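Heads up, the thing below is written out as structure tokens.
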Amino acid sequence: MHYSQFLSLIDILGTATFAISGAFSAMERKLDPFGVLIIAFVTAIGGGTLRDILVGNLPVGWLTNETAILVIFSAAIATMFFGAYLKHLQTAFFLFDALGIGLFTIIGLEIGMQKGFSASICIALGTMSACFGGVLRDVLLNRVPLIFRREIYALACIAGGTAYYFLRKTPLNEDVSKIACIGLIFAIRWIAVRYRLSLPRFYKDEQLNG
Amino acid sequence: MHYSQFLSLIDILGTATFAISGAFSAMERKLDPFGVLIIAFVTAIGGGTLRDILVGNLPVGWLTNETAILVIFSAAIATMFFGAYLKHLQTAFFLFDALGIGLFTIIGLEIGMQKGFSASICIALGTMSACFGGVLRDVLLNRVPLIFRREIYALACIAGGTAYYFLRKTPLNEDVSKIACIGLIFAIRWIAVRYRLSLPRFYKDEQLNG
Amino acid sequence: MHYSQFLSLIDILGTATFAISGAFSAMERKLDPFGVLIIAFVTAIGGGTLRDILVGNLPVGWLTNETAILVIFSAAIATMFFGAYLKHLQTAFFLFDALGIGLFTIIGLEIGMQKGFSASICIALGTMSACFGGVLRDVLLNRVPLIFRREIYALACIAGGTAYYFLRKTPLNEDVSKIACIGLIFAIRWIAVRYRLSLPRFYKDEQLNG
């Protein structure tokens with residue numbers, strides 16, 4: 001398989017996985033089919049949308065991306081009809097999700113670097129592209145965003161994004177850098193879930209002092 | 001009454017009705033007058049604002065729309081002082097709301113068509129213009145958006161928007177198309193509420209499998 | 001100290017105070033360090049971001065504002081490590097916050113006036129710049145925005161913003177106008193908190209009628 005086809009495949013699988021995770025969350029909250037569709041969409045395109053708005057790339061990308069719309073729509077419909085079966089594919093979804101956030105992080109970084117933003121802003125834009133769809137999903141479903149309480153997720157994007165930013169300053173080939181960083185993010189996610197790692201949380205002052 | 005005056009009247013009545021519904025929701029949540037005003041505003045202009053941002057029509061429309069601001073402000077103040085009396089006008093508000101979402105759907109569609117977006121995106125922009133203010137209102141009031149659980153509401157906009165998109169591809173007069181589609185959306189809303197129709201909801205997997 | 005240095009100092013102290021308040025709120029909700037950082041950021045830059053998006057000043061300001069990013073990052077980290085000590089500085093934070101919202105209100109107003117918007121829109125943009133970060137923080141933390149229920153806060157910005165808008169139409173020196181308005185907003189906040197003033201709230205209809 002050709003390299004660019006590989007990235008396209010990750011893009012489609014990642015987008016579909018985001019949409020499916022959104023649809024499942026919405027169904028758990030007993031939304032109607034319209035609500036499920038909207039939450040699937042928001043989960044899949046929320047990160048890229050916020051990034052495009054902040055940097056001024058308007059109209060935002062998905063308005064002219066027929067493929068993404070079709071993928072999200074199909075994924076949401078499939079989840080509504082075959083949700084019980086899709087539950088058996090959890091491992092596959094974990095893999096697609098981990099590859100997807102790797103790719104989306106890099107896409108966000110590239111946009112930031114083209115605009116000439118600083119390292120920290122580029123890494124923030126990459127992480128936002130990968131993670132903010134889930135934040136928006138949780139806001140619409142009226143809960144504190146999972147990502148703020150979850151095992152290493154955004155941190156994987158930050159680490160991979162940082163690596164990518166500095167690799168791109170070396171003479172290393174762009175394609176190799178991309179694959180390396182997607183691999184790094186994937187590996188961090190895999191290790192985090194395999195060993196149930198997570199960031200320490202904070203507690204109320206009483207407990208901090210106690 | 002002239003045709004364009006008719007549309008202006010729907011615009012004003014629809015905007016006022018959105019603002020009033022926002023103000024009532026905020027008062028039920030015991031917000032202070034500033035909070036009531038903000039929620040009234042967000043409910044009335046949220047849909048058009050999101051649409052304008054996504055397509056890049058900046059500054060967003062209401063920043064230069066003195067009429068809308070005056071209408072929303074007056075409607076919110078009136079609701080705070082005369083809320084108990086306005087409750088008796090529920091039927092009128094239902095009518096204005098149903099006409100309003102028809103008009104706002106068409107305004108969103110027209111903007112999408114001028115930009116040359118695909119049918120599905122145009123219909124999405126129309127529906128968003130009509131429905132997203134209510135979503136933002138609910139997010140700010142910390143509850144799952146009503147529209148994701150409600151009797152046929154967004155679906156009326158989608159149906160009317162689809163009809164409008166394809167009518168505009170025929171030689172049919174634009175004004176006639178608009179009136180027809182506002183009428184269609186109004187009729188769907190009326191039937192949905194009259195016969196208490198709603199979309200089926202989803203339940204947790206346990207129940208789906210049970 | 002030179003006048004412009006004074007404004008820069010208020011800017012930095014105000015931004016840091018917003019970030020610290022965001023970090024404390026996030027820690028109370030038991031978010032992980034990544035969540036604390038994001039909430040600190042959103043609280044500090046949310047108002048200016050919304051303003052920049054609405055008026056079309058893209059990319060939004062903080063993407064190229066290294067100082068703000070460094071200040072917010074440092075403030076969030078400091079709160080995570082020394083939160084228990086910072087609690088003793090509540091009076092200082094109140095002062096910085098009150099000066100900060102004064103300055104941010106004026107920055108928002110200036111942007112609106114440069115674009116030639118009407119008085120009410122300029123004042124709204126100013127108030128939004130000062131207050132919307134807190135709204136976004138509360139939305140992400142899944143609670144009704146505090147500002148919609150709080151002692152005189154947004155009202156101080158509206159009053160100071162109105163004064164500034166009309167002072168700028170007089171021959172009065174711009175710097176003097178700024179200092180006067182920051183002072184006015186500060187004074188209103190001080191009086192409101194000193195005398196525990198707040199706007200009256202609304203109650204449910206039953207209670208309104210009862």
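Residue numbers start at 1 in each chain; chains themselves are named A, B, ... in the order of the structure tokens; ligands are numbered from 1 in the order shown.
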
Exercise. Counting only C-alpha atoms, what is within 7 Å of Cys157 of chain B, bar same-chain residues fewer than 5 positions away, as a PyMOL selection string?
Worked result: chain B and resi 102+105+127+185

For this session: Provide as number ranges by chain the residues of chain A at most 9 Å from chain B, counting only C-alpha atoms.
Result: A: 26-36, 38, 49, 52-53, 56-60, 63-64, 66, 69, 80, 83-84, 139-143

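The closest residue to Ala78 of chain C, picked from C:Ala44, C:Ile101, C:Ile10, C:Ala19 and counting only C-alpha atoms, is C:Ala19.
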
For this session: Enter the distance from atom CA of Asp11 of chain A to atom CA of Ile123 of chain B, in Å, rounded to one decimal.
Result: 25.0 Å

For this session: Any chance you could list, as a ChimeraX atom specification, the residues in segment 11-181 of chain C that come up alpha helix (DSSP H) when DSSP is run on the backbone?
Result: /C:11-28,33-55,66-86,90-114,119-140,154-167,174-181

So that I have them on file, write out the residues from the current selection with C-alpha atoms, as a CSV table (one decimal), in the first residue's frame.
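Below is the file that was written, again-v4.csv:
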chain,number,residue,atom,x,y,z
C,11,ASP,CA,-2.6,42.9,31.9
C,12,ILE,CA,-0.1,40.3,33.3
C,13,LEU,CA,-1.5,40.3,36.8
C,14,GLY,CA,-5.1,40.1,35.5
C,15,THR,CA,-4.3,37.2,33.2
C,16,ALA,CA,-2.4,35.3,35.9
C,17,THR,CA,-5.3,35.8,38.3
C,18,PHE,CA,-7.8,34.5,35.8
C,19,ALA,CA,-5.6,31.5,35.2
C,20,ILE,CA,-5.2,30.9,38.9
C,21,SER,CA,-8.9,31.1,39.5
C,22,GLY,CA,-9.5,28.6,36.7
C,23,ALA,CA,-6.9,26.2,38.1
C,24,PHE,CA,-8.4,26.3,41.5
C,25,SER,CA,-11.9,25.6,40.1
C,26,ALA,CA,-10.5,22.7,38.1
C,27,MET,CA,-8.7,21.2,41.1
C,28,GLU,CA,-11.9,21.4,43.2
C,33,PRO,CA,-3.1,18.2,35.7
C,34,PHE,CA,-3.8,18.4,32.0
C,35,GLY,CA,-7.4,19.3,32.8
C,36,VAL,CA,-6.2,22.0,35.3
C,37,LEU,CA,-4.0,23.5,32.6
C,38,ILE,CA,-6.7,23.6,30.0
C,39,ILE,CA,-9.2,25.2,32.4
C,40,ALA,CA,-6.7,27.8,33.5
C,41,PHE,CA,-6.0,28.6,29.8
C,42,VAL,CA,-9.7,28.8,28.9
C,43,THR,CA,-10.5,31.0,31.9
C,44,ALA,CA,-7.7,33.4,31.0
C,45,ILE,CA,-8.1,33.6,27.2
C,46,GLY,CA,-11.8,32.6,26.6
C,47,GLY,CA,-13.2,36.2,26.6
C,48,GLY,CA,-10.7,37.6,24.2
C,49,THR,CA,-11.0,34.5,22.0
C,50,LEU,CA,-14.7,34.8,21.6
C,51,ARG,CA,-14.4,38.5,20.9
C,52,ASP,CA,-11.7,38.0,18.2
C,53,ILE,CA,-13.8,35.2,16.5
C,54,LEU,CA,-17.0,37.3,16.4
C,55,VAL,CA,-15.3,40.4,14.9
C,66,GLU,CA,4.1,34.4,23.9
C,67,THR,CA,3.9,36.4,27.1
C,68,ALA,CA,0.3,35.5,27.8
C,69,ILE,CA,1.0,31.8,27.3
C,70,LEU,CA,4.0,31.9,29.6
C,71,VAL,CA,2.0,33.8,32.3
C,72,ILE,CA,-0.9,31.4,32.1
C,73,PHE,CA,1.3,28.3,32.1
C,74,SER,CA,3.3,29.5,35.0
C,75,ALA,CA,0.2,30.5,37.0
C,76,ALA,CA,-1.4,27.1,36.5
C,77,ILE,CA,1.7,25.2,37.5
C,78,ALA,CA,2.2,27.4,40.5
C,79,THR,CA,-1.4,26.8,41.6
C,80,MET,CA,-1.0,23.1,41.3
C,81,PHE,CA,2.1,23.0,43.5
C,82,PHE,CA,1.5,25.9,45.9
C,83,GLY,CA,-2.3,26.0,45.9
C,84,ALA,CA,-2.5,25.9,49.7
C,85,TYR,CA,-0.3,28.9,50.1
C,86,LEU,CA,-1.9,30.9,47.3
C,90,GLN,CA,-7.2,36.0,48.2
C,91,THR,CA,-7.3,39.7,48.8
C,92,ALA,CA,-4.5,40.3,46.3
C,93,PHE,CA,-6.3,38.1,43.8
C,94,PHE,CA,-9.5,40.1,44.3
C,95,LEU,CA,-7.7,43.3,43.6
C,96,PHE,CA,-5.9,41.9,40.5
C,97,ASP,CA,-9.1,40.5,39.2
C,98,ALA,CA,-11.0,43.8,39.6
C,99,LEU,CA,-8.2,45.7,37.8
C,100,GLY,CA,-8.0,43.0,35.2
C,101,ILE,CA,-11.6,43.0,34.2
C,102,GLY,CA,-11.4,46.8,33.9
C,103,LEU,CA,-8.5,46.6,31.5
C,104,PHE,CA,-10.0,43.7,29.5
C,105,THR,CA,-13.3,45.6,29.2
C,106,ILE,CA,-11.5,48.6,27.7
C,107,ILE,CA,-9.5,46.4,25.3
C,108,GLY,CA,-12.7,44.9,24.0
C,109,LEU,CA,-14.3,48.3,23.6
C,110,GLU,CA,-11.4,49.7,21.7
C,111,ILE,CA,-11.6,46.9,19.2
C,112,GLY,CA,-15.3,47.4,18.7
C,113,MET,CA,-14.9,51.2,18.3
C,114,GLN,CA,-12.1,50.7,15.7
C,119,ALA,CA,-22.3,51.8,21.4
C,120,SER,CA,-24.3,48.8,22.7
C,121,ILE,CA,-22.2,46.4,20.6
C,122,CYS,CA,-18.9,48.0,21.8
C,123,ILE,CA,-20.0,47.7,25.4
C,124,ALA,CA,-21.1,44.1,24.8
C,125,LEU,CA,-17.7,43.3,23.3
C,126,GLY,CA,-15.9,44.9,26.2
C,127,THR,CA,-18.0,43.0,28.8
C,128,MET,CA,-17.5,39.8,26.9
C,129,SER,CA,-13.8,40.2,26.8
C,130,ALA,CA,-13.7,40.5,30.6
C,131,CYS,CA,-16.4,37.9,31.5
C,132,PHE,CA,-16.7,35.2,29.0
C,133,GLY,CA,-13.6,33.2,30.1
C,134,GLY,CA,-15.4,32.5,33.3
C,135,VAL,CA,-18.5,31.4,31.4
C,136,LEU,CA,-16.4,28.9,29.3
C,137,ARG,CA,-14.7,27.7,32.5
C,138,ASP,CA,-18.0,26.9,34.1
C,139,VAL,CA,-19.4,25.3,30.9
C,140,LEU,CA,-16.4,22.9,30.8
C,154,ALA,CA,-20.6,41.9,34.6
C,155,LEU,CA,-22.6,45.0,35.6
C,156,ALA,CA,-19.4,46.6,36.7
C,157,CYS,CA,-18.0,46.0,33.2
C,158,ILE,CA,-21.1,47.3,31.5
C,159,ALA,CA,-21.1,50.5,33.7
C,160,GLY,CA,-17.3,51.1,33.2
C,161,GLY,CA,-17.6,50.3,29.5
C,162,THR,CA,-20.5,52.7,29.0
C,163,ALA,CA,-18.5,55.5,30.7
C,164,TYR,CA,-15.5,54.8,28.6
C,165,TYR,CA,-17.4,54.7,25.3
C,166,PHE,CA,-18.8,58.2,26.0
C,167,LEU,CA,-15.6,59.6,27.5
C,174,GLU,CA,-7.4,58.6,26.0
C,175,ASP,CA,-5.0,57.5,28.8
C,176,VAL,CA,-7.0,59.5,31.4
C,177,SER,CA,-10.2,57.9,30.1
C,178,LYS,CA,-8.7,54.5,30.5
C,179,ILE,CA,-7.5,55.0,34.0
C,180,ALA,CA,-10.8,56.6,35.0
C,181,CYS,CA,-12.8,53.6,33.7

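The coordinates place atom CA of Arg168 of chain B at 13.8 Å from atom CA of Ile182 of chain B.
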